[in-house]
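K.L.:
If it helps, the file is called data10.cif and holds mmCIF, N, CA, C and O atoms:
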```cif
data_coords
#
loop_
_atom_site.label_atom_id
_atom_site.label_comp_id
_atom_site.auth_asym_id
_atom_site.auth_seq_id
_atom_site.Cartn_x
_atom_site.Cartn_y
_atom_site.Cartn_z
N MET A 1 10.01 -4.10 5.31
CA MET A 1 8.60 -4.38 5.24
C MET A 1 8.36 -5.85 4.92
O MET A 1 7.42 -6.43 5.42
N ARG A 2 9.19 -6.39 4.06
CA ARG A 2 9.01 -7.81 3.71
C ARG A 2 9.30 -8.72 4.91
O ARG A 2 8.64 -9.73 5.09
N MET A 3 10.28 -8.36 5.69
CA MET A 3 10.69 -9.19 6.82
C MET A 3 9.70 -9.13 7.97
O MET A 3 9.54 -10.12 8.68
N ASN A 4 9.05 -7.98 8.16
CA ASN A 4 8.15 -7.84 9.30
C ASN A 4 6.98 -6.93 8.94
O ASN A 4 6.95 -5.76 9.30
N PRO A 5 5.98 -7.45 8.23
CA PRO A 5 4.84 -6.62 7.85
C PRO A 5 3.98 -6.19 9.03
O PRO A 5 3.14 -5.32 8.89
N GLN A 6 4.19 -6.78 10.20
CA GLN A 6 3.41 -6.39 11.38
C GLN A 6 3.88 -5.09 12.00
O GLN A 6 3.19 -4.51 12.82
N ASN A 7 5.06 -4.63 11.65
CA ASN A 7 5.62 -3.48 12.33
C ASN A 7 6.00 -2.39 11.32
O ASN A 7 7.15 -1.99 11.23
N VAL A 8 5.00 -1.91 10.55
CA VAL A 8 5.23 -0.87 9.55
C VAL A 8 4.37 0.33 9.89
O VAL A 8 3.15 0.18 10.10
N ARG A 9 4.99 1.48 9.97
CA ARG A 9 4.23 2.70 10.23
C ARG A 9 3.39 3.06 9.01
O ARG A 9 3.84 2.91 7.87
N TYR A 10 2.19 3.54 9.25
CA TYR A 10 1.28 3.93 8.17
C TYR A 10 1.93 5.00 7.28
O TYR A 10 1.87 4.92 6.06
N ASP A 11 2.55 6.00 7.89
CA ASP A 11 3.17 7.08 7.11
C ASP A 11 4.25 6.55 6.19
O ASP A 11 4.41 7.03 5.06
N ASP A 12 5.02 5.57 6.64
CA ASP A 12 6.06 4.98 5.80
C ASP A 12 5.44 4.23 4.62
O ASP A 12 5.90 4.36 3.48
N LEU A 13 4.39 3.46 4.88
CA LEU A 13 3.73 2.73 3.79
C LEU A 13 3.09 3.69 2.81
O LEU A 13 3.15 3.47 1.59
N HIS A 14 2.50 4.75 3.30
CA HIS A 14 1.87 5.76 2.44
C HIS A 14 2.92 6.38 1.51
O HIS A 14 2.68 6.56 0.32
N GLU A 15 4.08 6.68 2.05
CA GLU A 15 5.17 7.27 1.26
C GLU A 15 5.64 6.30 0.17
O GLU A 15 5.87 6.71 -0.98
N VAL A 16 5.75 5.03 0.49
CA VAL A 16 6.14 4.01 -0.49
C VAL A 16 5.09 3.93 -1.59
O VAL A 16 5.41 3.88 -2.79
N CYS A 17 3.81 3.94 -1.22
CA CYS A 17 2.72 3.87 -2.20
C CYS A 17 2.75 5.07 -3.13
O CYS A 17 2.56 4.93 -4.34
N GLU A 18 2.98 6.26 -2.58
CA GLU A 18 3.05 7.45 -3.43
C GLU A 18 4.21 7.37 -4.40
O GLU A 18 4.10 7.80 -5.54
N HIS A 19 5.32 6.81 -3.95
CA HIS A 19 6.48 6.67 -4.83
C HIS A 19 6.17 5.77 -6.02
O HIS A 19 6.51 6.08 -7.16
N TYR A 20 5.52 4.64 -5.77
CA TYR A 20 5.25 3.68 -6.84
C TYR A 20 3.97 3.95 -7.63
O TYR A 20 3.90 3.63 -8.81
N PHE A 21 2.95 4.53 -7.00
CA PHE A 21 1.64 4.64 -7.64
C PHE A 21 1.13 6.07 -7.77
O PHE A 21 0.04 6.28 -8.30
N GLY A 22 1.88 7.05 -7.30
CA GLY A 22 1.44 8.43 -7.38
C GLY A 22 0.53 8.78 -6.21
O GLY A 22 0.31 7.97 -5.31
N PRO A 23 -0.03 9.98 -6.23
CA PRO A 23 -0.89 10.39 -5.12
C PRO A 23 -2.15 9.52 -5.06
O PRO A 23 -2.59 8.99 -6.08
N PRO A 24 -2.71 9.38 -3.89
CA PRO A 24 -3.92 8.55 -3.77
C PRO A 24 -5.07 9.16 -4.56
O PRO A 24 -5.21 10.38 -4.63
N ARG A 25 -5.89 8.30 -5.16
CA ARG A 25 -7.04 8.80 -5.91
C ARG A 25 -8.19 9.09 -4.98
O ARG A 25 -9.11 9.81 -5.32
N ARG A 26 -8.13 8.52 -3.80
CA ARG A 26 -9.17 8.79 -2.82
C ARG A 26 -8.57 8.67 -1.43
O ARG A 26 -7.83 7.74 -1.13
N THR A 27 -8.88 9.66 -0.63
CA THR A 27 -8.55 9.57 0.79
C THR A 27 -9.81 9.90 1.56
O THR A 27 -10.56 10.78 1.18
N GLY A 28 -10.05 9.19 2.57
CA GLY A 28 -11.22 9.46 3.38
C GLY A 28 -11.03 8.87 4.75
O GLY A 28 -10.86 7.67 4.89
N GLY A 29 -11.00 9.72 5.73
CA GLY A 29 -10.78 9.21 7.07
C GLY A 29 -9.43 8.57 7.20
O GLY A 29 -8.41 9.20 6.98
N SER A 30 -9.42 7.29 7.50
CA SER A 30 -8.15 6.60 7.72
C SER A 30 -7.69 5.80 6.50
O SER A 30 -6.67 5.15 6.56
N ASN A 31 -8.44 5.86 5.39
CA ASN A 31 -8.09 5.07 4.20
C ASN A 31 -7.47 5.94 3.10
O ASN A 31 -7.83 7.09 2.95
N ALA A 32 -6.58 5.33 2.34
CA ALA A 32 -6.03 5.94 1.13
C ALA A 32 -6.05 4.87 0.05
O ALA A 32 -5.57 3.76 0.27
N VAL A 33 -6.62 5.21 -1.11
CA VAL A 33 -6.73 4.26 -2.22
C VAL A 33 -5.86 4.78 -3.36
O VAL A 33 -6.02 5.92 -3.80
N PHE A 34 -4.96 3.93 -3.84
CA PHE A 34 -4.03 4.31 -4.90
C PHE A 34 -4.42 3.62 -6.19
O PHE A 34 -4.83 2.46 -6.19
N LYS A 35 -4.27 4.32 -7.30
CA LYS A 35 -4.60 3.78 -8.62
C LYS A 35 -3.47 2.89 -9.11
O LYS A 35 -2.30 3.22 -8.99
N THR A 36 -3.85 1.73 -9.64
CA THR A 36 -2.87 0.83 -10.23
C THR A 36 -3.12 0.73 -11.74
O THR A 36 -4.23 0.97 -12.19
N PRO A 37 -2.09 0.39 -12.51
CA PRO A 37 -2.26 0.32 -13.97
C PRO A 37 -2.96 -0.95 -14.46
O PRO A 37 -2.94 -1.25 -15.63
N TRP A 38 -3.57 -1.71 -13.57
CA TRP A 38 -4.29 -2.92 -13.94
C TRP A 38 -5.60 -2.97 -13.16
O TRP A 38 -5.71 -2.40 -12.08
N PRO A 39 -6.59 -3.67 -13.68
CA PRO A 39 -7.84 -3.82 -12.93
C PRO A 39 -7.72 -4.96 -11.92
O PRO A 39 -6.97 -5.91 -12.12
N GLY A 40 -8.46 -4.86 -10.84
CA GLY A 40 -8.52 -5.96 -9.88
C GLY A 40 -7.35 -6.03 -8.93
O GLY A 40 -6.67 -5.05 -8.68
N ASP A 41 -7.11 -7.23 -8.42
CA ASP A 41 -6.09 -7.43 -7.40
C ASP A 41 -4.70 -7.52 -8.01
O ASP A 41 -4.58 -7.93 -9.16
N PRO A 42 -3.62 -7.21 -7.31
CA PRO A 42 -3.68 -6.71 -5.95
C PRO A 42 -4.07 -5.23 -5.91
O PRO A 42 -3.52 -4.42 -6.67
N ARG A 43 -5.01 -4.92 -5.08
CA ARG A 43 -5.44 -3.53 -4.90
C ARG A 43 -4.50 -2.84 -3.94
O ARG A 43 -3.83 -3.48 -3.13
N VAL A 44 -4.46 -1.53 -4.05
CA VAL A 44 -3.64 -0.75 -3.14
C VAL A 44 -4.57 0.18 -2.36
O VAL A 44 -4.91 1.26 -2.80
N ASN A 45 -5.01 -0.32 -1.22
CA ASN A 45 -5.89 0.40 -0.33
C ASN A 45 -5.30 0.23 1.06
O ASN A 45 -5.23 -0.88 1.58
N ILE A 46 -4.81 1.34 1.63
CA ILE A 46 -4.17 1.22 2.94
C ILE A 46 -4.98 1.98 3.98
O ILE A 46 -5.71 2.91 3.66
N GLN A 47 -4.83 1.54 5.21
CA GLN A 47 -5.65 2.05 6.30
C GLN A 47 -4.77 2.33 7.51
O GLN A 47 -3.94 1.51 7.89
N ASN A 48 -4.99 3.50 8.10
CA ASN A 48 -4.25 3.89 9.30
C ASN A 48 -4.93 3.27 10.51
O ASN A 48 -6.09 3.50 10.78
N SER A 49 -4.18 2.47 11.22
CA SER A 49 -4.69 1.83 12.43
C SER A 49 -3.81 2.26 13.61
O SER A 49 -2.80 1.62 13.90
N ASN A 50 -4.18 3.39 14.21
CA ASN A 50 -3.39 3.95 15.33
C ASN A 50 -1.93 4.18 14.97
O ASN A 50 -1.03 3.85 15.72
N GLY A 51 -1.71 4.71 13.76
CA GLY A 51 -0.35 5.03 13.32
C GLY A 51 0.37 3.88 12.64
O GLY A 51 1.45 4.06 12.09
N GLN A 52 -0.20 2.69 12.68
CA GLN A 52 0.42 1.51 12.07
C GLN A 52 -0.37 1.10 10.83
O GLN A 52 -1.57 1.34 10.73
N ALA A 53 0.32 0.47 9.89
CA ALA A 53 -0.33 -0.11 8.71
C ALA A 53 -0.79 -1.52 9.08
O ALA A 53 -0.15 -2.20 9.88
N LYS A 54 -1.88 -1.95 8.48
CA LYS A 54 -2.36 -3.30 8.72
C LYS A 54 -1.47 -4.28 7.96
O LYS A 54 -1.16 -4.07 6.80
N PRO A 55 -1.04 -5.37 8.62
CA PRO A 55 -0.09 -6.30 8.00
C PRO A 55 -0.57 -6.87 6.66
O PRO A 55 0.22 -7.00 5.73
N TYR A 56 -1.85 -7.22 6.54
CA TYR A 56 -2.32 -7.79 5.27
C TYR A 56 -2.26 -6.74 4.17
O TYR A 56 -2.02 -7.07 3.00
N GLN A 57 -2.41 -5.46 4.51
CA GLN A 57 -2.32 -4.41 3.49
C GLN A 57 -0.87 -4.17 3.09
O GLN A 57 -0.59 -3.87 1.93
N VAL A 58 0.06 -4.34 4.02
CA VAL A 58 1.48 -4.24 3.68
C VAL A 58 1.82 -5.33 2.66
O VAL A 58 2.48 -5.07 1.65
N ARG A 59 1.32 -6.56 2.89
CA ARG A 59 1.58 -7.65 1.94
C ARG A 59 0.94 -7.37 0.58
O ARG A 59 1.53 -7.67 -0.46
N GLN A 60 -0.25 -6.76 0.56
CA GLN A 60 -0.90 -6.41 -0.71
C GLN A 60 -0.09 -5.36 -1.46
O GLN A 60 0.07 -5.43 -2.68
N VAL A 61 0.43 -4.37 -0.74
CA VAL A 61 1.26 -3.34 -1.37
C VAL A 61 2.52 -3.96 -1.96
O VAL A 61 2.90 -3.66 -3.10
N LEU A 62 3.16 -4.84 -1.22
CA LEU A 62 4.37 -5.50 -1.73
C LEU A 62 4.07 -6.33 -2.97
O LEU A 62 4.85 -6.33 -3.93
N ALA A 63 2.92 -7.02 -2.99
CA ALA A 63 2.53 -7.80 -4.17
C ALA A 63 2.29 -6.88 -5.36
O ALA A 63 2.66 -7.20 -6.50
N ALA A 64 1.67 -5.73 -5.12
CA ALA A 64 1.41 -4.78 -6.20
C ALA A 64 2.71 -4.19 -6.74
O ALA A 64 2.86 -4.03 -7.95
N ILE A 65 3.64 -3.91 -5.87
CA ILE A 65 4.95 -3.39 -6.31
C ILE A 65 5.66 -4.45 -7.14
O ILE A 65 6.22 -4.15 -8.20
N ASP A 66 5.64 -5.71 -6.67
CA ASP A 66 6.26 -6.80 -7.44
C ASP A 66 5.63 -6.92 -8.82
O ASP A 66 6.34 -7.11 -9.82
N LYS A 67 4.31 -6.82 -8.89
CA LYS A 67 3.62 -6.93 -10.17
C LYS A 67 4.00 -5.77 -11.08
O LYS A 67 4.24 -5.97 -12.28
N LYS A 68 4.07 -4.57 -10.53
CA LYS A 68 4.44 -3.40 -11.34
C LYS A 68 5.88 -3.50 -11.82
O LYS A 68 6.18 -3.16 -12.97
N GLU A 69 6.77 -3.97 -10.97
CA GLU A 69 8.19 -4.09 -11.35
C GLU A 69 8.41 -5.19 -12.39
O GLU A 69 9.37 -5.14 -13.14
N ALA A 70 7.53 -6.17 -12.44
CA ALA A 70 7.68 -7.29 -13.39
C ALA A 70 7.36 -6.88 -14.80
O ALA A 70 7.74 -7.56 -15.76
N LYS A 71 6.65 -5.78 -14.99
CA LYS A 71 6.28 -5.34 -16.33
C LYS A 71 7.42 -4.78 -17.10
O LYS A 71 8.39 -4.35 -16.70
#
```
Would you write out, as structure tokens, the structure that this file holds?
P.N.:
Amino acid sequence: MRMNPQNVRYDDLHEVCEHYFGPPRRTGGSNAVFKTPWPGDPRVNIQNSNGQAKPYQVRQVLAAIDKKEAK
């Protein structure tokens, strides 16, 4: 994911988010919002775009994982 955020399947990113942040607190349509232990950015909100994750959201998820792992 770090090497190529443009080519990440939504289902794979969703699974990674569930592993690090638990089940989504909100799902609606193509979006899933995950709760983080801090307020504000980086937020974890991912969107299904024809089976693919949006590259900027992949980078946000990676930043959130890095922040969580740093604690």
K.L.:
Atom C of Ile46 in chain A and atom O of Ala63 in chain A are how many Å apart?
P.N.:
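Pair atom C of Ile46 in chain A / atom O of Ala63 in chain A returns 15.9 Å.
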K.L.:
Counting only C-alpha atoms, which residue out of A:Met3, A:Ala64, A:Trp38, A:Val58 sits closest to Tyr20 in chain A?
P.N.:
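Comparing A:Met3, A:Ala64, A:Trp38, A:Val58 against Tyr20 in chain A, the winner is A:Ala64.
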K.L.:
Extract, using all atoms listed in the file, all DNA, RNA and protein residues at most 8 Å from Asp11 in chain A, discarding same-chain residues fewer than 2 positions from it, and format them as a ChimeraX atom specification.
P.N.:
/A:8-9,13-18,47-48,51-53
K.L.:
Can you list, as JSON, numbers by chain, every protein, DNA or RNA residue that comes within 12 Å of Lys68 in chain A when you count only C-alpha atoms, leaving out same-chain residues fewer than 5 positions away?
P.N.:
{"A": [17, 20, 21, 35, 36, 37, 38, 41, 42, 43, 44, 61, 62, 63]}
K.L.:
Show which residues sit within 10 Å of Arg26 in chain A, as a list in words. Count only C-alpha atoms, and ignore same-chain residues fewer than 4 positions away.
P.N.:
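Those residues are Asn31, Ala32, Val33, Phe34, Lys35 and Asn45 of chain A.
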K.L.:
Using DSSP assignments from the backbone, pull out every residue in chain A that falls under strand (DSSP E or B) and give it to me as a PyMOL selection string.
P.N.:
chain A and resi 9+26-28+31-34+44-49+52-53
K.L.:
Could you tell me how far CA of Glu69 in chain A sits from atom N of Ser49 in chain A, in Å to one decimal place?
P.N.:
26.6 Å
K.L.:
Mind giving me the straight-line distance from CA of Gln57 in chain A to CA of Asp12 in chain A in Å, one decimal?
P.N.:
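So the two atoms, CA of Gln57 in chain A and CA of Asp12 in chain A, lie 12.8 Å apart.
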K.L.:
Please give the complete set of residues from chain A that DSSP, run on the backbone, assigns to helix (DSSP H, G or I), formatted as a ChimeraX atom specification.
P.N.:
/A:10-21,55-70
K.L.:
Go through A:Arg59, A:Pro39, A:Lys67, A:Asn50 one by one, measure the shortest atom-to-atom distance of each to Met1 in chain A using only C-alpha atoms, and give the residue with the smallest value.
P.N.:
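Looking at the shortest contact to Met1 in chain A, the residue is A:Arg59.
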K.L.:
Using all heavy atoms, give me range 46-61 of chain A from the structure I just pasted, as a short mmCIF file (atom, residue, chain, number, x, y, z; two decimals), in the first residue's frame.
P.N.:
```
data_model
loop_
_atom_site.label_atom_id
_atom_site.label_comp_id
_atom_site.auth_asym_id
_atom_site.auth_seq_id
_atom_site.Cartn_x
_atom_site.Cartn_y
_atom_site.Cartn_z
N ILE A 46 -13.06 5.83 4.55
CA ILE A 46 -12.70 5.26 3.26
C ILE A 46 -13.95 5.13 2.39
O ILE A 46 -15.06 5.02 2.89
CB ILE A 46 -11.96 3.92 3.41
CG1 ILE A 46 -12.82 2.88 4.10
CG2 ILE A 46 -10.64 4.12 4.14
CD1 ILE A 46 -12.21 1.49 4.13
N GLN A 47 -13.71 5.14 1.10
CA GLN A 47 -14.80 5.17 0.13
C GLN A 47 -14.51 4.17 -0.98
O GLN A 47 -13.41 4.10 -1.52
CB GLN A 47 -14.88 6.58 -0.43
CG GLN A 47 -16.10 6.88 -1.21
CD GLN A 47 -16.13 8.37 -1.55
OE1 GLN A 47 -15.17 9.10 -1.34
NE2 GLN A 47 -17.25 8.81 -2.06
N ASN A 48 -15.55 3.40 -1.32
CA ASN A 48 -15.44 2.43 -2.40
C ASN A 48 -15.67 3.14 -3.72
O ASN A 48 -16.71 3.74 -3.95
CB ASN A 48 -16.48 1.32 -2.19
CG ASN A 48 -16.27 0.16 -3.12
OD1 ASN A 48 -15.60 0.24 -4.13
ND2 ASN A 48 -16.88 -0.96 -2.77
N SER A 49 -14.69 3.06 -4.58
CA SER A 49 -14.78 3.67 -5.90
C SER A 49 -14.60 2.58 -6.95
O SER A 49 -13.48 2.28 -7.35
CB SER A 49 -13.71 4.76 -6.05
OG SER A 49 -13.78 5.36 -7.31
N ASN A 50 -15.71 1.94 -7.30
CA ASN A 50 -15.68 0.83 -8.28
C ASN A 50 -14.74 -0.29 -7.85
O ASN A 50 -13.97 -0.81 -8.65
CB ASN A 50 -15.31 1.33 -9.67
CG ASN A 50 -16.32 2.30 -10.21
OD1 ASN A 50 -17.53 2.11 -10.03
ND2 ASN A 50 -15.86 3.35 -10.87
N GLY A 51 -14.77 -0.63 -6.56
CA GLY A 51 -13.94 -1.72 -6.04
C GLY A 51 -12.55 -1.30 -5.61
O GLY A 51 -11.83 -2.09 -5.02
N GLN A 52 -12.16 -0.08 -5.91
CA GLN A 52 -10.84 0.43 -5.55
C GLN A 52 -10.96 1.46 -4.43
O GLN A 52 -11.97 2.13 -4.30
CB GLN A 52 -10.16 1.08 -6.76
CG GLN A 52 -9.81 0.12 -7.88
CD GLN A 52 -8.77 -0.88 -7.48
OE1 GLN A 52 -9.07 -2.05 -7.32
NE2 GLN A 52 -7.55 -0.44 -7.31
N ALA A 53 -9.90 1.57 -3.64
CA ALA A 53 -9.81 2.62 -2.62
C ALA A 53 -9.24 3.87 -3.27
O ALA A 53 -8.43 3.78 -4.20
CB ALA A 53 -8.91 2.17 -1.48
N LYS A 54 -9.66 5.02 -2.79
CA LYS A 54 -9.12 6.27 -3.32
C LYS A 54 -7.71 6.47 -2.77
O LYS A 54 -7.47 6.29 -1.58
CB LYS A 54 -10.02 7.43 -2.94
CG LYS A 54 -11.39 7.30 -3.60
CD LYS A 54 -12.17 8.55 -3.50
CE LYS A 54 -13.44 8.39 -4.32
NZ LYS A 54 -14.08 9.64 -4.59
N PRO A 55 -6.75 6.82 -3.63
CA PRO A 55 -5.34 6.93 -3.21
C PRO A 55 -5.12 7.87 -2.03
O PRO A 55 -4.34 7.56 -1.13
CB PRO A 55 -4.62 7.42 -4.46
CG PRO A 55 -5.47 6.97 -5.59
CD PRO A 55 -6.88 7.03 -5.08
N TYR A 56 -5.79 9.02 -2.00
CA TYR A 56 -5.57 9.95 -0.88
C TYR A 56 -6.09 9.35 0.42
O TYR A 56 -5.54 9.61 1.49
CB TYR A 56 -6.20 11.32 -1.16
CG TYR A 56 -7.69 11.42 -0.98
CD1 TYR A 56 -8.23 11.84 0.24
CD2 TYR A 56 -8.57 11.11 -2.01
CE1 TYR A 56 -9.61 11.93 0.41
CE2 TYR A 56 -9.92 11.21 -1.85
CZ TYR A 56 -10.45 11.62 -0.64
OH TYR A 56 -11.81 11.73 -0.47
N GLN A 57 -7.11 8.50 0.35
CA GLN A 57 -7.62 7.86 1.56
C GLN A 57 -6.68 6.75 2.03
O GLN A 57 -6.53 6.53 3.22
CB GLN A 57 -9.03 7.32 1.32
CG GLN A 57 -10.04 8.45 1.15
CD GLN A 57 -11.42 7.98 0.76
OE1 GLN A 57 -11.61 6.88 0.27
NE2 GLN A 57 -12.39 8.85 0.99
N VAL A 58 -6.03 6.08 1.09
CA VAL A 58 -5.02 5.08 1.46
C VAL A 58 -3.90 5.78 2.23
O VAL A 58 -3.46 5.29 3.29
CB VAL A 58 -4.46 4.36 0.21
CG1 VAL A 58 -3.28 3.46 0.58
CG2 VAL A 58 -5.55 3.56 -0.48
N ARG A 59 -3.46 6.94 1.75
CA ARG A 59 -2.39 7.69 2.44
C ARG A 59 -2.87 8.15 3.83
O ARG A 59 -2.09 8.12 4.79
CB ARG A 59 -1.94 8.87 1.59
CG ARG A 59 -1.14 8.43 0.37
CD ARG A 59 -0.50 9.59 -0.37
NE ARG A 59 -1.47 10.43 -1.08
CZ ARG A 59 -1.92 10.21 -2.30
NH1 ARG A 59 -1.47 9.15 -2.98
NH2 ARG A 59 -2.79 11.02 -2.87
N GLN A 60 -4.13 8.55 3.96
CA GLN A 60 -4.67 8.95 5.27
C GLN A 60 -4.69 7.77 6.24
O GLN A 60 -4.36 7.91 7.42
CB GLN A 60 -6.08 9.53 5.12
CG GLN A 60 -6.11 10.89 4.49
CD GLN A 60 -7.52 11.38 4.21
OE1 GLN A 60 -8.47 10.61 4.15
NE2 GLN A 60 -7.65 12.69 4.02
N VAL A 61 -5.09 6.60 5.74
CA VAL A 61 -5.11 5.40 6.59
C VAL A 61 -3.69 5.07 7.05
O VAL A 61 -3.46 4.77 8.23
CB VAL A 61 -5.75 4.21 5.84
CG1 VAL A 61 -5.51 2.91 6.58
CG2 VAL A 61 -7.25 4.45 5.66
#
```
